[in-house]
$ cat data_36.tsv   # TSV, C-alpha atoms
chain	number	residue	atom	x	y	z
A	88	MET	CA	-4.93	-5.13	-34.10
A	89	SER	CA	-1.58	-5.68	-35.73
A	90	GLU	CA	-0.37	-9.20	-36.28
A	91	ALA	CA	0.34	-11.07	-33.07
A	92	LEU	CA	3.98	-11.40	-32.05
A	93	LEU	CA	3.08	-14.39	-29.96
A	94	SER	CA	-0.04	-16.50	-29.55
A	95	LEU	CA	-0.45	-18.58	-26.43
A	96	HIS	CA	-2.99	-21.19	-25.49
A	97	TYR	CA	-3.84	-22.61	-22.08
A	98	HIS	CA	-6.19	-25.18	-20.67
A	99	VAL	CA	-7.68	-24.29	-17.29
A	100	SER	CA	-8.58	-27.28	-15.12
A	101	PRO	CA	-11.97	-27.26	-13.40
A	102	ASP	CA	-12.23	-26.83	-9.65
A	103	ASP	CA	-8.46	-26.95	-9.15
A	104	PHE	CA	-7.51	-24.22	-6.75
A	105	GLN	CA	-3.98	-25.54	-6.43
A	106	THR	CA	-3.01	-24.81	-10.01
A	107	ALA	CA	-5.34	-21.88	-10.77
A	108	GLY	CA	-3.31	-18.91	-11.93
A	109	GLU	CA	-0.68	-20.89	-13.82
A	110	ALA	CA	-1.74	-19.44	-17.17
A	111	SER	CA	-1.74	-15.86	-15.90
A	112	SER	CA	1.62	-16.40	-14.26
A	113	ASP	CA	3.09	-17.73	-17.50
A	114	VAL	CA	1.73	-14.81	-19.53
A	115	LYS	CA	3.06	-12.35	-16.98
A	116	ASN	CA	6.56	-13.86	-17.14
A	117	LYS	CA	6.55	-13.90	-20.93
A	118	LEU	CA	5.47	-10.23	-21.15
A	119	LYS	CA	8.17	-9.31	-18.66
A	120	LYS	CA	10.82	-11.14	-20.66
A	121	MET	CA	9.61	-9.50	-23.87
A	122	GLY	CA	10.26	-6.12	-22.25
A	123	PHE	CA	6.69	-4.82	-21.92
A	124	PRO	CA	6.32	-1.85	-19.50
A	125	PRO	CA	5.63	-2.97	-15.89
A	126	GLU	CA	2.26	-1.17	-15.77
A	127	ILE	CA	1.07	-3.05	-18.85
A	128	VAL	CA	2.30	-6.37	-17.47
A	129	ARG	CA	0.47	-5.65	-14.22
A	130	LYS	CA	-2.80	-4.79	-15.95
A	131	VAL	CA	-2.72	-7.95	-18.03
A	132	ALA	CA	-1.72	-10.12	-15.07
A	133	ILE	CA	-4.44	-8.84	-12.72
A	134	SER	CA	-7.32	-8.84	-15.20
A	135	MET	CA	-6.41	-12.22	-16.63
A	136	TYR	CA	-5.85	-13.80	-13.21
A	137	GLU	CA	-9.31	-12.71	-11.99
A	138	GLY	CA	-10.74	-14.21	-15.17
A	139	GLU	CA	-8.83	-17.43	-14.70
A	140	ILE	CA	-10.01	-17.70	-11.09
A	141	ASN	CA	-13.59	-17.14	-12.28
A	142	MET	CA	-13.25	-20.01	-14.74
A	143	VAL	CA	-12.17	-22.30	-11.90
A	144	ILE	CA	-14.79	-21.05	-9.44
A	145	HIS	CA	-17.86	-20.82	-11.64
A	146	ALA	CA	-17.33	-22.57	-14.91
A	147	TYR	CA	-15.61	-25.97	-14.73
A	148	GLY	CA	-12.45	-24.57	-16.29
A	149	GLY	CA	-12.01	-23.81	-19.98
A	150	GLU	CA	-9.58	-22.49	-22.55
A	151	ILE	CA	-7.58	-19.27	-22.68
A	152	THR	CA	-6.00	-17.80	-25.79
A	153	VAL	CA	-3.64	-14.84	-25.49
A	154	ASP	CA	-2.44	-12.83	-28.48
A	155	ILE	CA	0.45	-10.54	-27.74
A	156	GLY	CA	0.78	-7.84	-30.38
A	157	MET	CA	2.79	-4.68	-30.91
A	158	ASP	CA	-0.02	-2.42	-29.73
A	159	GLU	CA	-2.18	-4.61	-27.50
A	160	VAL	CA	-2.49	-7.80	-25.50
A	161	ARG	CA	-5.76	-9.64	-26.07
A	162	ALA	CA	-6.88	-12.50	-23.83
A	163	VAL	CA	-9.95	-14.58	-24.68
A	164	LEU	CA	-11.22	-16.76	-21.82
A	165	LYS	CA	-13.75	-19.29	-22.96
A	166	ASP	CA	-15.66	-21.66	-20.71
A	167	LYS	CA	-18.54	-24.09	-21.01
A	168	GLY	CA	-19.95	-23.12	-17.64
A	169	PRO	CA	-23.49	-22.22	-16.59
A	170	GLY	CA	-23.37	-18.71	-18.07
A	171	ILE	CA	-23.98	-15.45	-16.22
A	172	GLN	CA	-27.63	-14.91	-15.24
A	173	ASP	CA	-27.44	-11.16	-14.81
A	174	ILE	CA	-24.36	-9.40	-16.19
A	175	GLY	CA	-25.46	-6.04	-14.78
A	176	LYS	CA	-25.54	-7.49	-11.28
A	177	ALA	CA	-22.32	-9.47	-11.80
A	178	MET	CA	-20.57	-6.20	-12.66
A	179	GLU	CA	-21.65	-4.63	-9.36
A	180	ALA	CA	-18.88	-4.57	-6.77
A	181	GLY	CA	-19.87	-6.88	-3.94
A	182	TYR	CA	-22.36	-9.03	-5.83
A	183	SER	CA	-21.34	-12.68	-5.79
A	184	THR	CA	-22.76	-16.14	-6.32
A	185	ALA	CA	-19.59	-17.86	-5.07
A	186	SER	CA	-19.69	-20.74	-2.58
A	187	GLU	CA	-18.40	-20.66	0.99
A	188	LYS	CA	-15.44	-22.75	-0.17
A	189	VAL	CA	-14.46	-20.12	-2.68
A	190	ARG	CA	-14.87	-17.35	-0.12
A	191	SER	CA	-12.63	-19.23	2.28
A	192	MET	CA	-9.95	-19.13	-0.43
A	193	GLY	CA	-9.90	-15.32	-0.42
A	194	PHE	CA	-12.12	-14.75	-3.43
A	195	GLY	CA	-15.85	-14.63	-4.09
A	196	ALA	CA	-16.39	-11.19	-2.64
A	197	GLY	CA	-17.88	-9.92	-5.85
A	198	MET	CA	-14.79	-8.09	-7.07
A	199	GLY	CA	-13.79	-10.33	-9.98
A	200	LEU	CA	-15.56	-8.69	-12.90
A	201	PRO	CA	-15.14	-5.14	-11.54
A	202	ASN	CA	-11.40	-5.79	-11.18
A	203	MET	CA	-11.19	-7.19	-14.70
A	204	LYS	CA	-12.91	-4.08	-16.04
A	205	LYS	CA	-10.72	-1.79	-13.97
A	206	TYR	CA	-7.46	-3.31	-15.20
A	207	SER	CA	-8.32	-3.77	-18.87
A	208	ASP	CA	-8.91	-1.17	-21.55
A	209	GLU	CA	-11.67	-3.15	-23.15
A	210	MET	CA	-13.79	-5.98	-21.78
A	211	LYS	CA	-16.47	-7.90	-23.61
A	212	ILE	CA	-18.66	-10.64	-22.15
A	213	ASP	CA	-20.60	-13.05	-24.33
A	214	THR	CA	-22.67	-15.38	-22.23
A	215	GLU	CA	-25.45	-17.86	-22.80
A	216	ILE	CA	-27.20	-19.68	-19.99
A	217	GLY	CA	-26.33	-23.37	-19.99
A	218	VAL	CA	-23.82	-22.95	-22.83
A	219	GLY	CA	-20.94	-20.91	-21.47
A	220	THR	CA	-19.22	-17.58	-21.25
A	221	THR	CA	-16.48	-15.96	-23.30
A	222	VAL	CA	-14.71	-12.98	-21.82
A	223	THR	CA	-12.41	-10.89	-24.02
A	224	LEU	CA	-9.91	-8.64	-22.27
A	225	VAL	CA	-7.80	-6.12	-24.14
A	226	VAL	CA	-4.94	-4.12	-22.68
A	227	ARG	CA	-3.56	-1.48	-25.03
A	228	LEU	CA	0.02	-0.35	-25.01
A	229	ALA	CA	-0.53	3.21	-26.10
B	262	MET	CA	13.26	-0.78	7.34
B	263	ARG	CA	14.77	-4.05	6.19
B	264	LEU	CA	12.57	-7.10	5.85
B	265	LYS	CA	14.78	-8.75	8.43
B	266	ASP	CA	13.97	-5.99	10.95
B	267	MET	CA	10.26	-6.32	10.25
B	268	ALA	CA	10.41	-10.07	10.80
B	269	GLU	CA	12.22	-9.62	14.11
B	270	LEU	CA	9.76	-6.99	15.33
B	271	VAL	CA	6.80	-9.32	14.92
B	272	ASP	CA	8.59	-12.55	15.97
B	273	ALA	CA	8.24	-14.07	12.53
B	274	ARG	CA	10.00	-17.17	11.28
B	275	VAL	CA	11.36	-17.30	7.76
B	276	LEU	CA	9.80	-20.09	5.70
B	277	CYS	CA	11.64	-19.35	2.45
B	278	GLY	CA	13.40	-16.58	0.56
B	279	GLU	CA	16.05	-15.79	3.18
B	280	GLU	CA	18.13	-14.07	0.53
B	281	LEU	CA	15.53	-11.29	0.41
B	282	LEU	CA	15.78	-10.37	4.10
B	283	ASP	CA	18.14	-7.45	3.49
B	284	GLU	CA	15.66	-5.79	1.11
B	285	GLU	CA	14.26	-2.44	2.20
B	286	MET	CA	10.50	-2.47	2.69
B	287	GLY	CA	8.71	0.72	3.71
B	288	THR	CA	5.05	-0.20	3.23
B	289	ALA	CA	2.61	-2.96	4.10
B	290	PHE	CA	-0.87	-4.04	3.05
B	291	ALA	CA	-3.01	-6.29	5.26
B	292	SER	CA	-5.95	-8.26	3.90
B	293	ASP	CA	-7.52	-11.71	3.84
B	294	LEU	CA	-9.35	-10.88	0.63
B	295	MET	CA	-7.16	-11.48	-2.40
B	296	SER	CA	-9.43	-9.56	-4.77
B	297	ASP	CA	-8.78	-6.46	-2.67
B	298	VAL	CA	-5.05	-7.09	-2.84
B	299	LEU	CA	-5.35	-7.31	-6.63
B	300	ALA	CA	-7.51	-4.19	-6.86
B	301	GLN	CA	-5.86	-1.89	-4.38
B	302	VAL	CA	-2.21	-2.62	-3.83
B	303	LYS	CA	0.16	0.10	-4.96
B	304	GLY	CA	3.92	-0.24	-5.06
B	305	HIS	CA	5.55	-3.33	-3.61
B	306	PRO	CA	4.44	-3.65	0.02
B	307	LEU	CA	4.76	-6.48	2.48
B	308	LEU	CA	1.54	-8.50	2.30
B	309	ILE	CA	0.14	-9.37	5.73
B	310	THR	CA	-2.56	-12.05	5.64
B	311	GLY	CA	-4.19	-14.82	7.62
B	312	LEU	CA	-5.20	-16.59	4.44
B	313	CYS	CA	-3.05	-19.56	3.69
B	314	ASN	CA	-3.25	-21.20	0.28
B	315	PRO	CA	-1.40	-21.19	-3.06
B	316	GLN	CA	-3.59	-18.39	-4.40
B	317	VAL	CA	-2.06	-16.00	-1.88
B	318	VAL	CA	1.31	-16.59	-3.52
B	319	ARG	CA	-0.23	-16.30	-6.99
B	320	THR	CA	-1.90	-13.03	-6.03
B	321	ALA	CA	1.38	-11.64	-4.68
B	322	GLU	CA	3.09	-12.67	-7.89
B	323	MET	CA	0.51	-10.85	-10.05
B	324	VAL	CA	1.06	-7.53	-8.28
B	325	ASP	CA	4.82	-7.90	-7.74
B	326	ILE	CA	4.71	-8.33	-4.00
B	327	GLY	CA	8.01	-9.83	-2.83
B	328	CYS	CA	7.15	-10.96	0.67
B	329	ILE	CA	4.13	-12.42	2.47
B	330	LEU	CA	3.74	-12.51	6.25
B	331	PHE	CA	1.26	-15.11	7.51
B	332	VAL	CA	-0.35	-14.17	10.83
B	333	ARG	CA	-2.42	-15.94	13.53
B	334	GLY	CA	-0.20	-19.02	13.46
B	335	LYS	CA	-1.18	-19.98	9.91
B	336	ARG	CA	1.36	-22.09	8.08
B	337	PRO	CA	1.22	-22.66	4.32
B	338	ASP	CA	1.52	-26.23	3.02
B	339	ALA	CA	4.60	-27.52	1.19
B	340	GLN	CA	3.08	-26.86	-2.22
B	341	THR	CA	2.46	-23.21	-1.38
B	342	VAL	CA	6.02	-22.80	-0.10
B	343	ALA	CA	7.34	-24.46	-3.27
B	344	LEU	CA	5.33	-22.05	-5.41
B	345	ALA	CA	6.83	-19.12	-3.49
B	346	GLU	CA	10.33	-20.52	-3.94
B	347	ASP	CA	9.72	-20.83	-7.69
B	348	GLY	CA	8.59	-17.22	-7.84
B	349	MET	CA	11.49	-16.11	-5.61
B	350	LEU	CA	9.20	-14.80	-2.91
B	351	CYS	CA	9.99	-14.55	0.78
B	352	LEU	CA	7.47	-16.15	3.18
B	353	LEU	CA	7.31	-15.24	6.87
B	354	ALA	CA	5.05	-16.61	9.60
B	355	THR	CA	4.13	-15.39	13.06
B	356	ASP	CA	1.72	-16.46	15.79
B	357	ARG	CA	0.72	-12.85	16.40
B	358	THR	CA	-2.63	-11.53	15.18
B	359	MET	CA	-3.01	-9.28	12.18
B	360	PHE	CA	-3.95	-6.37	14.46
B	361	GLU	CA	-0.82	-6.78	16.57
B	362	VAL	CA	1.46	-7.12	13.57
B	363	CYS	CA	0.03	-4.02	11.89
B	364	GLY	CA	0.30	-2.03	15.11
B	365	ILE	CA	3.90	-3.02	15.77
B	366	LEU	CA	5.05	-2.30	12.23
B	367	TYR	CA	3.16	0.99	12.06
B	368	ALA	CA	4.65	2.10	15.37
B	369	HIS	CA	8.09	1.47	13.90
B	370	GLY	CA	7.51	3.64	10.86
B	371	CYS	CA	6.06	1.23	8.35
B	372	GLN	CA	3.40	2.95	6.23
B	373	GLY	CA	0.29	1.92	4.37
B	374	THR	CA	0.32	1.94	0.59
B	375	GLY	CA	-1.64	5.20	0.48
B	376	GLY	CA	-4.21	6.35	-1.99
B	377	GLU	CA	-7.93	5.93	-1.84
B	378	CYS	CA	-9.38	2.49	-1.64
B	379	ARG	CA	-12.90	3.41	-2.70
B	380	GLU	CA	-13.99	3.35	-6.27
$ encode --input "data_36.tsv" --output "structure tokens"
Amino acid sequence: MSEALLSLHYHVSPDDFQTAGEASSDVKNKLKKMGFPPEIVRKVAISMYEGEINMVIHAYGGEITVDIGMDEVRAVLKDKGPGIQDIGKAMEAGYSTASEKVRSMGFGAGMGLPNMKKYSDEMKIDTEIGVGTTVTLVVRLA
Amino acid sequence: MRLKDMAELVDARVLCGEELLDEEMGTAFASDLMSDVLAQVKGHPLLITGLCNPQVVRTAEMVDIGCILFVRGKRPDAQTVALAEDGMLCLLATDRTMFEVCGILYAHGCQGTGGECRE
């Protein structure tokens, strides 16, 4: 990718449903202000927000780095959670390991990863059981 | 149809964002599952939901939904209302059920967001 115009860093608090989404909201507002096309802003916002929610639900929070470039927006969401047991299954729409509490919040229906894939142009998952998961989401401008 | 007309039709109270009531709103999307809102919403519909927490406002914000109507007598807490005010969203609340609200609005010309919902 070309050199980043702007690099952003966020800390995501564990198990905090009240503040979850703050990072995605901030990125969305910044992209809007920078004049990115609405469809691009929407793709970044949705995919990143699902990722951020996942970090809160499954992974005791973590760190998000977002690099905004001329030709792409790249978000790296890194957690020290339990890792994903079966990525193939996790990618299936409807498969979920979320708790009742999470479901009662309107998530946990097994749509997180499928939504992230749908709204990004590139998605990479590096996961190790007991160590953590890093999800890289790329939305391209062209 | 103006947002104000929609609110009146379903006996909704305005919790915040009164300045948006004159906005025209032709479509609505009803769901308690926020992942479906994120995945399937097209355009800028009214969001009808019985779910009542800050993530509903966050979800609306991500997909550029300007107004949320809470049904079944659900009332968001002060923090959720504050979040909506920050994001300049309008919040409405009614004691009617989701089914009733959808039926009334549909009968008065409000449309769904269209498109297929299956992958």
$ interface_residues --input "data_36.tsv" --of "chain A" --to "chain B" --cutoff "10 Å" --atoms "only C-alpha atoms" --output "PyMOL selection string"
chain A and resi 104-109+111-112+115-116+125-126+128-137+140+180+190-199+201-203+205-206
$ atom_distance --input "data_36.tsv" --atom1 "CA of Leu95 in chain A" --atom2 "CA of Leu164 in chain A"
11.9 Å
$ atom_distance --input "data_36.tsv" --atom1 "CA of Gly304 in chain B" --atom2 "CA of Val153 in chain A"
26.2 Å
$ atom_distance --input "data_36.tsv" --atom1 "CA of Leu200 in chain A" --atom2 "CA of Glu179 in chain A"
8.1 Å
$ residues_around --input "data_36.tsv" --residues "Ile329 in chain B" --least-positions-apart "2" --cutoff "12 Å" --atoms "all atoms listed in the file" --output "number ranges by chain"
B: 264, 267-268, 273-278, 281-282, 286, 289-293, 298, 305-322, 325-327, 331-332, 335-337, 341-342, 345, 349-355
$ residues_near_point --input "data_36.tsv" --point "(-15.0, -5.8, -26.7)" --cutoff "6 Å" --atoms "all atoms listed in the file" --output "NGL selection string"
:A and (209-211)
$ axis_aligned_box --input "data_36.tsv" --around "range 301-304 of chain B" --padding-each-side "3 Å" --output "lines of an AutoDock Vina configuration file"
center_x = -1.0
center_y = -1.3
center_z = -4.4
size_x = 15.8
size_y = 8.7
size_z = 7.2
$ residues_around --input "data_36.tsv" --residues "Gly364 in chain B" --least-positions-apart "4" --cutoff "12 Å" --atoms "all atoms listed in the file" --output "PDB file with C-alpha atoms, in the frame of the given file"
ATOM      1  CA  MET B 267      10.260  -6.320  10.250  1.00  0.00           C
ATOM      2  CA  LEU B 270       9.760  -6.990  15.330  1.00  0.00           C
ATOM      3  CA  VAL B 271       6.800  -9.320  14.920  1.00  0.00           C
ATOM      4  CA  ALA B 289       2.610  -2.960   4.100  1.00  0.00           C
ATOM      5  CA  ALA B 291      -3.010  -6.290   5.260  1.00  0.00           C
ATOM      6  CA  ILE B 309       0.140  -9.370   5.730  1.00  0.00           C
ATOM      7  CA  ARG B 357       0.720 -12.850  16.400  1.00  0.00           C
ATOM      8  CA  THR B 358      -2.630 -11.530  15.180  1.00  0.00           C
ATOM      9  CA  MET B 359      -3.010  -9.280  12.180  1.00  0.00           C
ATOM     10  CA  PHE B 360      -3.950  -6.370  14.460  1.00  0.00           C
ATOM     11  CA  ALA B 368       4.650   2.100  15.370  1.00  0.00           C
ATOM     12  CA  HIS B 369       8.090   1.470  13.900  1.00  0.00           C
ATOM     13  CA  GLY B 370       7.510   3.640  10.860  1.00  0.00           C
ATOM     14  CA  CYS B 371       6.060   1.230   8.350  1.00  0.00           C
ATOM     15  CA  GLN B 372       3.400   2.950   6.230  1.00  0.00           C
ATOM     16  CA  GLY B 373       0.290   1.920   4.370  1.00  0.00           C
TER      17      GLY B 373
END
$ residues_around --input "data_36.tsv" --residues "Ala146 in chain A" --least-positions-apart "4" --cutoff "9 Å" --atoms "all atoms listed in the file" --output "JSON, numbers by chain"
{"A": [101, 102, 141, 142, 166, 167, 168, 169, 170, 219, 220]}
$ decode --input "data_36.tsv" --residues "range 313-344 of chain B" --atoms "N, CA and C atoms" --output "short mmCIF file (atom, residue, chain, number, x, y, z; two decimals), in the first residue's frame"
data_model
loop_
_atom_site.label_atom_id
_atom_site.label_comp_id
_atom_site.auth_asym_id
_atom_site.auth_seq_id
_atom_site.Cartn_x
_atom_site.Cartn_y
_atom_site.Cartn_z
N CYS B 313 -32.81 -2.62 23.22
CA CYS B 313 -32.69 -1.31 23.87
C CYS B 313 -31.37 -1.16 24.59
N ASN B 314 -30.31 -0.92 23.87
CA ASN B 314 -29.01 -0.69 24.52
C ASN B 314 -28.15 0.20 23.63
N PRO B 315 -27.00 0.65 24.13
CA PRO B 315 -26.20 1.61 23.34
C PRO B 315 -25.77 1.06 21.98
N GLN B 316 -25.65 -0.26 21.87
CA GLN B 316 -25.19 -0.82 20.60
C GLN B 316 -26.21 -0.66 19.48
N VAL B 317 -27.46 -0.43 19.84
CA VAL B 317 -28.47 -0.15 18.81
C VAL B 317 -28.15 1.20 18.16
N VAL B 318 -27.79 2.15 18.99
CA VAL B 318 -27.43 3.49 18.47
C VAL B 318 -26.14 3.39 17.66
N ARG B 319 -25.17 2.64 18.17
CA ARG B 319 -23.90 2.46 17.45
C ARG B 319 -24.15 1.82 16.07
N THR B 320 -24.99 0.79 16.08
CA THR B 320 -25.30 0.09 14.83
C THR B 320 -25.93 1.06 13.82
N ALA B 321 -26.89 1.84 14.29
CA ALA B 321 -27.55 2.82 13.43
C ALA B 321 -26.53 3.79 12.85
N GLU B 322 -25.63 4.22 13.71
CA GLU B 322 -24.59 5.16 13.30
C GLU B 322 -23.73 4.57 12.17
N MET B 323 -23.36 3.30 12.31
CA MET B 323 -22.48 2.66 11.32
C MET B 323 -23.12 2.61 9.93
N VAL B 324 -24.44 2.45 9.88
CA VAL B 324 -25.09 2.32 8.57
C VAL B 324 -25.88 3.58 8.19
N ASP B 325 -25.61 4.67 8.87
CA ASP B 325 -26.24 5.96 8.56
C ASP B 325 -27.76 5.93 8.67
N ILE B 326 -28.24 5.30 9.72
CA ILE B 326 -29.67 5.36 10.01
C ILE B 326 -29.89 6.57 10.93
N GLY B 327 -30.87 7.41 10.58
CA GLY B 327 -31.05 8.66 11.32
C GLY B 327 -32.06 8.59 12.44
N CYS B 328 -32.90 7.55 12.44
CA CYS B 328 -33.93 7.49 13.47
C CYS B 328 -34.22 6.05 13.90
N ILE B 329 -34.36 5.87 15.20
CA ILE B 329 -34.69 4.55 15.77
C ILE B 329 -36.02 4.65 16.49
N LEU B 330 -36.90 3.69 16.23
CA LEU B 330 -38.18 3.61 16.95
C LEU B 330 -38.17 2.38 17.84
N PHE B 331 -38.21 2.60 19.15
CA PHE B 331 -38.25 1.48 20.09
C PHE B 331 -39.70 1.06 20.30
N VAL B 332 -39.95 -0.24 20.22
CA VAL B 332 -41.32 -0.76 20.33
C VAL B 332 -41.49 -1.54 21.64
N ARG B 333 -42.71 -2.01 21.88
CA ARG B 333 -43.05 -2.85 23.03
C ARG B 333 -42.75 -2.17 24.37
N GLY B 334 -42.84 -0.86 24.38
CA GLY B 334 -42.66 -0.13 25.65
C GLY B 334 -41.23 -0.05 26.14
N LYS B 335 -40.27 -0.42 25.31
CA LYS B 335 -38.85 -0.37 25.72
C LYS B 335 -38.39 1.08 25.75
N ARG B 336 -37.63 1.41 26.77
CA ARG B 336 -37.09 2.76 26.88
C ARG B 336 -35.58 2.69 27.10
N PRO B 337 -34.81 3.34 26.25
CA PRO B 337 -33.35 3.30 26.42
C PRO B 337 -32.93 4.09 27.66
N ASP B 338 -31.80 3.71 28.24
CA ASP B 338 -31.30 4.44 29.42
C ASP B 338 -30.68 5.77 28.98
N ALA B 339 -30.33 6.58 29.99
CA ALA B 339 -29.85 7.94 29.73
C ALA B 339 -28.58 7.93 28.87
N GLN B 340 -27.74 6.93 29.11
CA GLN B 340 -26.48 6.87 28.36
C GLN B 340 -26.72 6.61 26.86
N THR B 341 -27.70 5.77 26.60
CA THR B 341 -28.05 5.48 25.20
C THR B 341 -28.63 6.71 24.52
N VAL B 342 -29.48 7.43 25.24
CA VAL B 342 -30.06 8.67 24.69
C VAL B 342 -28.94 9.69 24.44
N ALA B 343 -28.00 9.77 25.37
CA ALA B 343 -26.90 10.73 25.22
C ALA B 343 -26.06 10.39 23.98
N LEU B 344 -25.84 9.11 23.77
CA LEU B 344 -25.07 8.66 22.61
C LEU B 344 -25.79 9.06 21.31
#
